[in-house]
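Text of model_1.txt (compact mmCIF, C-alpha atoms) as supplied:
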```txt
# COMPACT_ATOMS: atom_id res chain seq x y z
CA MET A 25 -15.09 -3.61 -19.41
CA TYR A 26 -13.98 -5.82 -16.60
CA MET A 27 -13.75 -4.37 -13.12
CA TYR A 28 -10.48 -4.62 -11.31
CA LYS A 29 -9.77 -4.50 -7.61
CA ILE A 30 -7.24 -2.78 -5.41
CA GLY A 31 -5.30 -4.77 -2.86
CA VAL A 32 -3.37 -3.56 0.14
CA VAL A 33 -0.66 -5.77 1.60
CA GLY A 34 1.31 -5.10 4.76
CA ASP A 35 1.28 -5.43 8.50
CA ARG A 36 -2.16 -5.35 10.03
CA ASP A 37 -1.86 -2.06 11.90
CA SER A 38 -0.69 -0.09 8.87
CA ILE A 39 -3.29 -1.20 6.42
CA LEU A 40 -6.45 -1.73 8.39
CA GLY A 41 -7.57 1.82 7.72
CA PHE A 42 -7.84 1.14 4.01
CA LYS A 43 -10.48 -1.43 4.69
CA ALA A 44 -12.93 1.34 5.59
CA LEU A 45 -12.45 2.76 2.08
CA GLY A 46 -13.55 -0.44 0.44
CA LEU A 47 -10.16 -1.76 -0.62
CA SER A 48 -9.24 -5.40 -0.16
CA VAL A 49 -6.87 -5.68 2.75
CA PHE A 50 -4.48 -8.58 3.27
CA PRO A 51 -2.48 -8.50 6.47
CA VAL A 52 0.75 -10.50 6.35
CA THR A 53 3.45 -11.27 8.86
CA GLN A 54 5.95 -13.48 7.06
CA PRO A 55 7.90 -12.55 3.90
CA GLU A 56 7.17 -15.92 2.25
CA GLN A 57 3.51 -15.48 2.97
CA ALA A 58 3.58 -11.99 1.42
CA SER A 59 5.35 -13.18 -1.67
CA ARG A 60 2.92 -16.04 -2.18
CA LEU A 61 0.03 -13.68 -1.63
CA ILE A 62 1.26 -11.23 -4.24
CA ASN A 63 1.68 -13.98 -6.79
CA ARG A 64 -1.86 -15.07 -6.10
CA LEU A 65 -3.26 -11.53 -6.32
CA ALA A 66 -1.46 -10.99 -9.60
CA LYS A 67 -3.30 -13.96 -11.08
CA GLU A 68 -6.63 -12.69 -9.84
CA ASN A 69 -7.88 -9.38 -11.13
CA PHE A 70 -6.01 -6.97 -8.94
CA ALA A 71 -4.75 -4.04 -11.00
CA VAL A 72 -3.08 -2.13 -8.20
CA ILE A 73 -1.42 -3.57 -5.14
CA PHE A 74 -0.26 -1.20 -2.45
CA LEU A 75 2.56 -2.75 -0.49
CA THR A 76 4.19 -1.35 2.61
CA GLU A 77 7.87 -0.58 2.29
CA GLN A 78 8.73 -2.74 5.27
CA VAL A 79 7.33 -5.83 3.56
CA ALA A 80 8.64 -4.83 0.14
CA ARG A 81 12.19 -4.81 1.42
CA GLU A 82 11.90 -8.48 2.34
CA ILE A 83 10.49 -9.63 -0.98
CA LYS A 84 12.35 -7.54 -3.53
CA GLU A 85 12.50 -10.36 -6.10
CA THR A 86 8.75 -10.75 -6.17
CA VAL A 87 8.23 -7.00 -6.53
CA ASP A 88 10.77 -6.75 -9.33
CA ARG A 89 9.15 -9.58 -11.23
CA TYR A 90 6.01 -7.51 -11.87
CA LYS A 91 7.87 -4.41 -12.98
CA SER A 92 7.86 -5.14 -16.67
CA VAL A 93 4.22 -6.14 -17.06
CA PRO A 94 1.36 -3.61 -17.16
CA PHE A 95 -0.61 -5.32 -14.40
CA PRO A 96 -0.54 -5.49 -11.49
CA ALA A 97 1.13 -2.23 -10.55
CA ILE A 98 2.82 -2.78 -7.23
CA ILE A 99 3.13 0.55 -5.47
CA LEU A 100 5.09 1.03 -2.28
CA ILE A 101 3.53 2.98 0.55
CA PRO A 102 5.02 3.90 3.91
CA SER A 103 3.84 1.86 6.88
CA ASN A 104 2.87 3.32 10.22
CA GLN A 105 6.52 3.38 11.23
CA GLY A 106 7.10 6.12 8.70
CA SER A 107 8.68 6.15 5.28
CA THR A 108 11.97 4.34 4.74
CA GLY A 109 12.67 6.15 1.49
CA LEU A 110 12.46 2.91 -0.47
CA GLY A 111 9.76 4.28 -2.75
CA ILE A 112 11.80 7.32 -3.69
CA GLN A 113 14.83 5.10 -4.16
CA GLU A 114 12.88 3.01 -6.66
CA ILE A 115 12.09 6.11 -8.73
CA LYS A 116 15.74 7.07 -8.58
CA LYS A 117 16.69 3.63 -9.78
CA SER A 118 14.41 3.79 -12.78
CA VAL A 119 15.79 7.22 -13.68
CA GLU A 120 19.31 5.83 -13.59
CA LYS A 121 18.21 2.86 -15.64
CA ALA A 122 16.59 5.01 -18.31
CA LEU A 123 19.00 7.89 -18.57
CA GLY A 124 22.22 6.39 -17.28
CA ALA A 125 22.64 9.28 -14.89
CA ASP A 126 20.69 10.72 -12.04
CA ILE A 127 19.42 14.12 -13.07
CA LEU A 128 16.48 14.59 -10.73
CA PHE A 129 18.01 13.90 -7.38
CA GLY A 130 21.50 15.12 -8.02
CA ASN A 131 21.09 18.35 -6.12
CA GLU A 132 20.05 16.72 -2.88
CA MET B 24 36.43 -3.81 -36.35
CA ALA B 25 36.30 -7.31 -37.66
CA VAL B 26 35.23 -8.01 -41.18
CA MET B 27 32.38 -10.49 -41.53
CA ARG B 28 33.13 -13.87 -43.04
CA VAL B 29 31.65 -13.59 -46.51
CA ASN B 30 32.54 -14.58 -50.04
CA PRO B 31 33.82 -11.49 -51.80
CA ASN B 32 31.54 -11.48 -54.81
CA ARG B 33 28.99 -9.21 -56.40
CA MET B 34 25.97 -11.01 -54.93
CA GLU B 35 27.27 -10.61 -51.42
CA LEU B 36 28.16 -6.99 -52.09
CA SER B 37 24.69 -5.96 -53.22
CA ARG B 38 23.11 -7.97 -50.40
CA LEU B 39 25.26 -6.20 -47.85
CA LYS B 40 24.56 -2.80 -49.31
CA LYS B 41 20.84 -3.42 -48.97
CA ARG B 42 21.28 -4.58 -45.38
CA LEU B 43 23.34 -1.52 -44.58
CA ALA B 44 20.66 0.79 -45.95
CA ILE B 45 18.05 -0.91 -43.76
CA ALA B 46 20.29 -0.81 -40.72
CA VAL B 47 20.93 2.91 -41.16
CA ARG B 48 17.24 3.60 -41.51
CA GLY B 49 16.39 1.47 -38.48
CA HIS B 50 19.07 3.20 -36.49
CA LYS B 51 17.62 6.58 -37.26
CA LEU B 52 14.11 5.49 -36.34
CA LEU B 53 15.20 3.89 -33.09
CA LYS B 54 17.19 6.95 -32.17
CA ASP B 55 14.15 9.15 -32.68
CA LYS B 56 12.08 6.73 -30.63
CA ARG B 57 14.60 6.81 -27.82
CA ASP B 58 14.77 10.60 -27.79
CA GLU B 59 11.02 10.95 -27.63
CA MET B 60 10.71 8.34 -24.89
CA VAL B 61 13.37 10.05 -22.83
CA ARG B 62 11.54 13.35 -23.18
CA ARG B 63 8.29 11.83 -21.98
CA PHE B 64 10.02 9.90 -19.25
CA ILE B 65 11.60 13.01 -17.78
CA GLU B 66 8.22 14.76 -17.70
CA LEU B 67 6.55 11.79 -16.07
CA VAL B 68 9.25 11.05 -13.57
CA ARG B 69 9.21 14.64 -12.31
CA ARG B 70 5.50 14.32 -11.67
CA ASN B 71 6.06 10.90 -10.15
CA LYS B 72 8.56 12.26 -7.65
CA GLU B 73 6.33 15.17 -6.65
CA LEU B 74 3.31 12.96 -6.23
CA ARG B 75 5.14 10.33 -4.26
CA GLU B 76 6.59 12.83 -1.83
CA GLN B 77 3.14 14.32 -1.32
CA VAL B 78 1.40 10.98 -0.89
CA GLU B 79 4.06 9.64 1.44
CA LYS B 80 3.85 12.67 3.65
CA GLU B 81 0.08 12.61 3.93
CA LEU B 82 -0.07 8.89 4.30
CA THR B 83 2.41 8.93 7.15
CA GLN B 84 0.20 11.51 8.80
CA ALA B 85 -2.95 9.48 8.30
CA LEU B 86 -1.31 6.30 9.52
CA GLY B 87 -0.10 8.18 12.57
CA ASP B 88 -3.70 9.11 13.31
CA PHE B 89 -4.72 5.55 12.79
CA LEU B 90 -2.06 4.40 15.20
CA MET B 91 -3.49 6.74 17.80
CA ALA B 92 -6.97 5.38 17.13
CA ARG B 93 -5.65 1.89 17.55
CA ALA B 94 -4.00 2.83 20.81
CA VAL B 95 -7.18 4.06 22.43
CA MET B 96 -9.45 1.35 21.08
CA SER B 97 -9.30 -2.38 21.51
CA THR B 98 -8.35 -4.49 18.52
CA GLU B 99 -11.73 -6.18 18.37
CA VAL B 100 -13.68 -2.93 18.32
CA LEU B 101 -11.41 -1.47 15.65
CA GLU B 102 -11.68 -4.54 13.46
CA GLU B 103 -15.40 -4.52 13.85
CA ALA B 104 -15.62 -0.82 13.02
CA VAL B 105 -13.96 -1.16 9.63
CA MET B 106 -15.30 -4.62 8.86
CA TYR B 107 -18.13 -3.59 6.57
CA PRO B 108 -17.24 -0.60 4.43
CA THR B 109 -20.08 1.57 3.14
CA ARG B 110 -18.44 1.97 -0.21
CA GLN B 111 -16.47 0.04 -2.70
CA VAL B 112 -13.77 1.16 -5.01
CA GLU B 113 -13.38 -0.53 -8.33
CA LEU B 114 -10.97 0.14 -11.08
CA LYS B 115 -11.57 0.51 -14.76
CA VAL B 116 -8.36 -0.35 -16.41
CA SER B 117 -7.26 0.06 -19.98
CA LYS B 118 -3.99 0.12 -21.81
CA GLN B 119 -2.51 3.20 -23.33
CA ASN B 120 0.12 3.13 -25.99
CA VAL B 121 3.05 5.43 -25.34
CA MET B 122 5.71 5.02 -28.02
CA SER B 123 4.73 1.38 -28.55
CA VAL B 124 4.86 0.60 -24.84
CA ASP B 125 1.62 -0.59 -23.34
CA VAL B 126 1.16 1.33 -20.13
CA PRO B 127 -1.80 1.05 -17.81
CA LYS B 128 -4.46 3.69 -17.58
CA ILE B 129 -6.43 3.55 -14.38
CA ASP B 130 -9.83 5.07 -13.81
CA TYR B 131 -11.49 4.41 -10.56
CA GLU B 132 -15.08 4.30 -9.61
CA GLU B 133 -16.36 4.68 -6.13
CA LYS B 134 -19.58 3.02 -5.29
CA SER B 135 -21.07 4.47 -2.16
CA GLN B 136 -24.60 3.99 -1.07
CA GLU B 137 -26.68 7.13 -1.06
CA GLY B 138 -27.20 8.86 2.23
CA LEU B 139 -24.68 6.80 4.14
CA SER B 140 -21.89 8.45 6.03
CA PRO B 141 -18.34 7.67 4.93
CA TYR B 142 -17.78 6.04 8.29
CA PRO B 143 -18.78 2.40 8.32
CA TYR B 144 -19.43 2.43 12.07
CA GLY B 145 -21.39 4.11 14.78
CA PHE B 146 -19.73 6.79 16.81
CA ALA B 147 -20.44 5.27 20.21
CA SER B 148 -17.54 2.90 20.57
CA THR B 149 -14.96 4.51 18.29
CA SER B 150 -12.59 7.41 18.79
CA ALA B 151 -12.32 10.69 16.91
CA GLU B 152 -8.83 9.82 15.71
CA LEU B 153 -10.27 7.02 13.64
CA ASP B 154 -12.66 9.44 11.91
CA ASP B 155 -9.77 11.75 11.12
CA SER B 156 -7.58 9.06 9.70
CA ILE B 157 -10.35 7.65 7.55
CA ILE B 158 -11.24 11.04 6.13
CA THR B 159 -7.59 11.71 5.31
CA LEU B 160 -7.15 8.30 3.77
CA SER B 161 -10.15 8.70 1.51
CA GLY B 162 -8.79 12.11 0.48
CA ILE B 163 -5.45 10.57 -0.47
CA LEU B 164 -6.84 7.63 -2.39
CA PRO B 165 -7.37 9.35 -5.76
CA ARG B 166 -3.82 10.61 -5.66
CA MET B 167 -2.52 7.21 -4.67
CA LEU B 168 -4.17 5.77 -7.74
CA GLU B 169 -2.70 8.49 -9.94
CA LEU B 170 0.65 7.71 -8.41
CA ALA B 171 0.13 4.05 -9.22
CA GLU B 172 -0.56 4.85 -12.85
CA ILE B 173 2.37 7.22 -13.26
CA GLU B 174 4.85 5.13 -11.36
CA LYS B 175 4.01 2.03 -13.36
CA THR B 176 4.32 4.02 -16.58
CA CYS B 177 7.72 5.28 -15.49
CA GLN B 178 8.93 1.80 -14.66
CA MET B 179 7.83 0.43 -18.00
CA LEU B 180 9.22 3.36 -19.96
CA ALA B 181 12.54 3.02 -18.15
CA ASP B 182 12.65 -0.61 -19.16
CA GLU B 183 11.85 0.15 -22.78
CA ILE B 184 14.30 3.06 -22.96
CA GLU B 185 17.07 0.80 -21.74
CA LYS B 186 16.23 -1.79 -24.38
CA THR B 187 16.01 0.78 -27.15
CA ARG B 188 19.27 2.37 -26.12
CA ARG B 189 21.01 -1.00 -26.30
CA ARG B 190 19.67 -1.54 -29.78
CA VAL B 191 20.68 1.92 -30.95
CA ASN B 192 24.17 1.41 -29.59
CA ALA B 193 24.50 -2.04 -31.08
CA LEU B 194 23.50 -0.70 -34.50
CA GLU B 195 25.63 2.40 -34.24
CA HIS B 196 28.82 0.91 -32.88
CA ILE B 197 28.80 -2.68 -34.12
CA MET B 198 26.41 -3.56 -36.93
CA ILE B 199 26.87 -0.50 -39.13
CA PRO B 200 30.68 -0.18 -38.90
CA GLN B 201 31.02 -3.91 -39.44
CA MET B 202 28.93 -3.82 -42.59
CA GLU B 203 30.70 -0.77 -43.92
CA GLU B 204 34.04 -2.44 -43.36
CA THR B 205 32.90 -5.63 -45.06
CA ILE B 206 31.56 -3.71 -48.05
CA LYS B 207 34.89 -1.94 -48.35
CA TYR B 208 36.72 -5.25 -48.07
CA ILE B 209 34.63 -6.86 -50.82
CA ALA B 210 35.04 -3.85 -53.13
CA MET B 211 38.80 -3.85 -52.65
CA LYS B 212 39.05 -7.59 -53.12
CA MET B 213 37.06 -7.38 -56.36
CA ASP B 214 39.18 -4.53 -57.67
CA GLU B 215 42.28 -6.49 -56.82
CA ASP B 216 40.96 -9.57 -58.67
CA GLU B 217 40.20 -7.44 -61.68
CA ARG B 218 43.70 -5.94 -61.72
CA ALA B 219 45.20 -9.40 -61.37
CA SER B 220 43.26 -10.79 -64.31
CA ARG B 221 44.13 -7.74 -66.44
CA THR B 222 47.85 -8.08 -65.81
CA ARG B 223 47.58 -11.78 -66.56
CA LEU B 224 45.89 -11.05 -69.87
CA MET B 225 48.51 -8.46 -70.76
CA LYS B 226 51.26 -10.91 -69.90
CA VAL B 227 49.66 -13.63 -72.02
CA LYS B 228 49.25 -11.24 -74.91
CA ASP B 229 52.94 -10.29 -74.68
CA MET B 230 53.95 -13.92 -74.70
CA ILE B 231 51.78 -14.69 -77.74
CA GLU B 232 53.14 -11.71 -79.64
CA GLU B 233 56.71 -12.70 -78.80
CA ARG B 234 56.12 -16.25 -80.02
CA SER B 235 54.47 -15.15 -83.31
CA ALA B 236 57.33 -12.66 -83.93
CA LYS B 237 59.85 -15.52 -83.50
CA SER B 238 57.97 -17.93 -85.81
CA SER B 239 57.62 -15.29 -88.59
CA ASP B 240 61.38 -14.68 -88.52
```
As a first step, turn the structure in this file into structure tokens.
Amino acid sequence: MYMYKIGVVGDRDSILGFKALGLSVFPVTQPEQASRLINRLAKENFAVIFLTEQVAREIKETVDRYKSVPFPAIILIPSNQGSTGLGIQEIKKSVEKALGADILFGNE
Amino acid sequence: MAVMRVNPNRMELSRLKKRLAIAVRGHKLLKDKRDEMVRRFIELVRRNKELREQVEKELTQALGDFLMARAVMSTEVLEEAVMYPTRQVELKVSKQNVMSVDVPKIDYEEKSQEGLSPYPYGFASTSAELDDSIITLSGILPRMLELAEIEKTCQMLADEIEKTRRRVNALEHIMIPQMEETIKYIAMKMDEDERASRTRLMKVKDMIEERSAKSSD
């Protein structure tokens, strides 16, 4: 079976730590650069791309494009400025999409 | 509900009846599929939420540590420290079929060289905060990958559930009523034609009898 890689995309300070774990780290500064990078990684054999929420907010269209295909899985992670709640919001959105109503987060 | 534009004849009637039977069967199957997918989705999405909250919390912590490490060390030293990792993570990826949706299944494999410390640097020029953050990060990684698998599955299931629901609704509220109505329309039209031809025959018979009664007089 073919081996796949894990990519981490975000601002340099947030993601540098992952480099020590052996993941491929791609620091970005501009939204266009990030979006191009993700398209490129998707073509190469990256199965999972961790993307910081700060960057994800700027390139929503690119992130949404890979939602319906099995690979790559683009997963949002908080950056070093803390979580913006975007990741949880995405789960909420898919619940609303699937069930038509929000049943998990209703009591919050 | 509008009646379809068809010729009201027997051929069309039997064709429509067959189509209706298939539509009803398909509707039932799709409805079962939707129900099962929703059940799975709810299970998965609960786990997804739990896992994400956990991972986000720990990751914020680890990144905070890392920020501290970055504050007390110069950029060059930090970059150098993490430049050559002692291990590599690779993914084994396969597809899993959940209710005819292909979802990813991710297994990961860590390749670390024997006898090497998890820290890819010497301790002389680096700070203790960096050690902490790297240990925490490597502890979180398996869960991050599980999160990746589950979250992707949830996204794809949500997509498929939406599609299936649309189809179920289209069958239930448009296709099936429309066909039923059309079948009824054809049946009524054919009955009406039959009655019309019968009355015409009776009328003709009356006229013939009247004429033959007159001529025999």
Skip stretch 101-111 of chain A itself and residues of its chain fewer than 4 positions away, then list as a PyMOL selection string all residues within 9 Å of it, counting all atoms listed in the file. (chain A and resi 34-35+37-39+74-78+80-81+115-116) or (chain B and resi 75+78-80+82-87+89-90)
Nearest residue to chain A out of B:Met27, B:Ala193, B:Val227, B:Val61, using all atoms listed in the file?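 Checking each of B:Met27, B:Ala193, B:Val227, B:Val61 against chain A, counting all atoms listed in the file, the winner is B:Val61.
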Considering only C-alpha atoms, extract the chain A residues located within 6 Å of chain B and return them as a list in words.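 Therefore, the residues near the partner are Met27, Tyr28, Lys29, Ala44, Gly46, Ser92, Pro94, Ala97, Ile99, Asn104, Gly106, Ser118 and Ala122 of chain A.
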So how many Å separate atom CA of B:Arg28 and atom CA of B:Lys54, to one decimal?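 Answer for the atom CA of B:Arg28 to atom CA of B:Lys54 separation: 28.4 Å.
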Residues near B:His196, cut-off 12 Å, all atoms listed in the file, skip fewer than 6 positions along chain, as a PyMOL selection string: chain B and resi 24+46-47+50+188-190+202-203
Export C-alpha atoms of the chosen residues as an mmCIF file, keeping the file's coordinate frame?
```cif
data_model
loop_
_atom_site.group_PDB
_atom_site.id
_atom_site.type_symbol
_atom_site.label_atom_id
_atom_site.label_comp_id
_atom_site.auth_asym_id
_atom_site.auth_seq_id
_atom_site.Cartn_x
_atom_site.Cartn_y
_atom_site.Cartn_z
ATOM 1 C CA MET B 24 36.430 -3.810 -36.350
ATOM 2 C CA ALA B 46 20.290 -0.810 -40.720
ATOM 3 C CA VAL B 47 20.930 2.910 -41.160
ATOM 4 C CA HIS B 50 19.070 3.200 -36.490
ATOM 5 C CA ARG B 188 19.270 2.370 -26.120
ATOM 6 C CA ARG B 189 21.010 -1.000 -26.300
ATOM 7 C CA ARG B 190 19.670 -1.540 -29.780
ATOM 8 C CA MET B 202 28.930 -3.820 -42.590
ATOM 9 C CA GLU B 203 30.700 -0.770 -43.920
#
```
Would you compute the distance between atom CA of B:Ile197 and atom CA of B:Ile209? Give it in Å to one decimal. 18.2 Å
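Atom pair atom CA of B:Glu169 / atom CA of A:Glu85: separated by 24.5 Å.
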Restricting the calculation to all atoms listed in the file: of B:Ser97, B:Leu194, B:Val29, B:Arg221, which residue gets closest to B:Arg48?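 The answer is B:Leu194, which sits nearest to B:Arg48.
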Find, counting only C-alpha atoms, the residue in A:Gly31, A:Gly124, A:Lys117, A:Asn69 that gets nearest to A:Pro51.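 Once distances to A:Pro51 are computed over only C-alpha atoms, the minimum belongs to A:Gly31.
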Nearest to A:Ala71: which of A:Ser48, A:Gln57, A:Lys84, A:Ile112 is it, counting all atoms listed in the file? A:Ser48
Would you mind telling me which residue in A:Ile30, A:Leu40, A:Leu123, A:Val79 lies nearest to A:Pro55 when using only C-alpha atoms?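 Among the listed residues, A:Val79 lies closest to A:Pro55.
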Considering only C-alpha atoms, state which residue in the set A:Val49, A:Phe42, A:Leu61, A:Val33 is at the smallest distance from B:Gly162.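 When distances to B:Gly162 are compared using only C-alpha atoms, the smallest one comes from A:Phe42.
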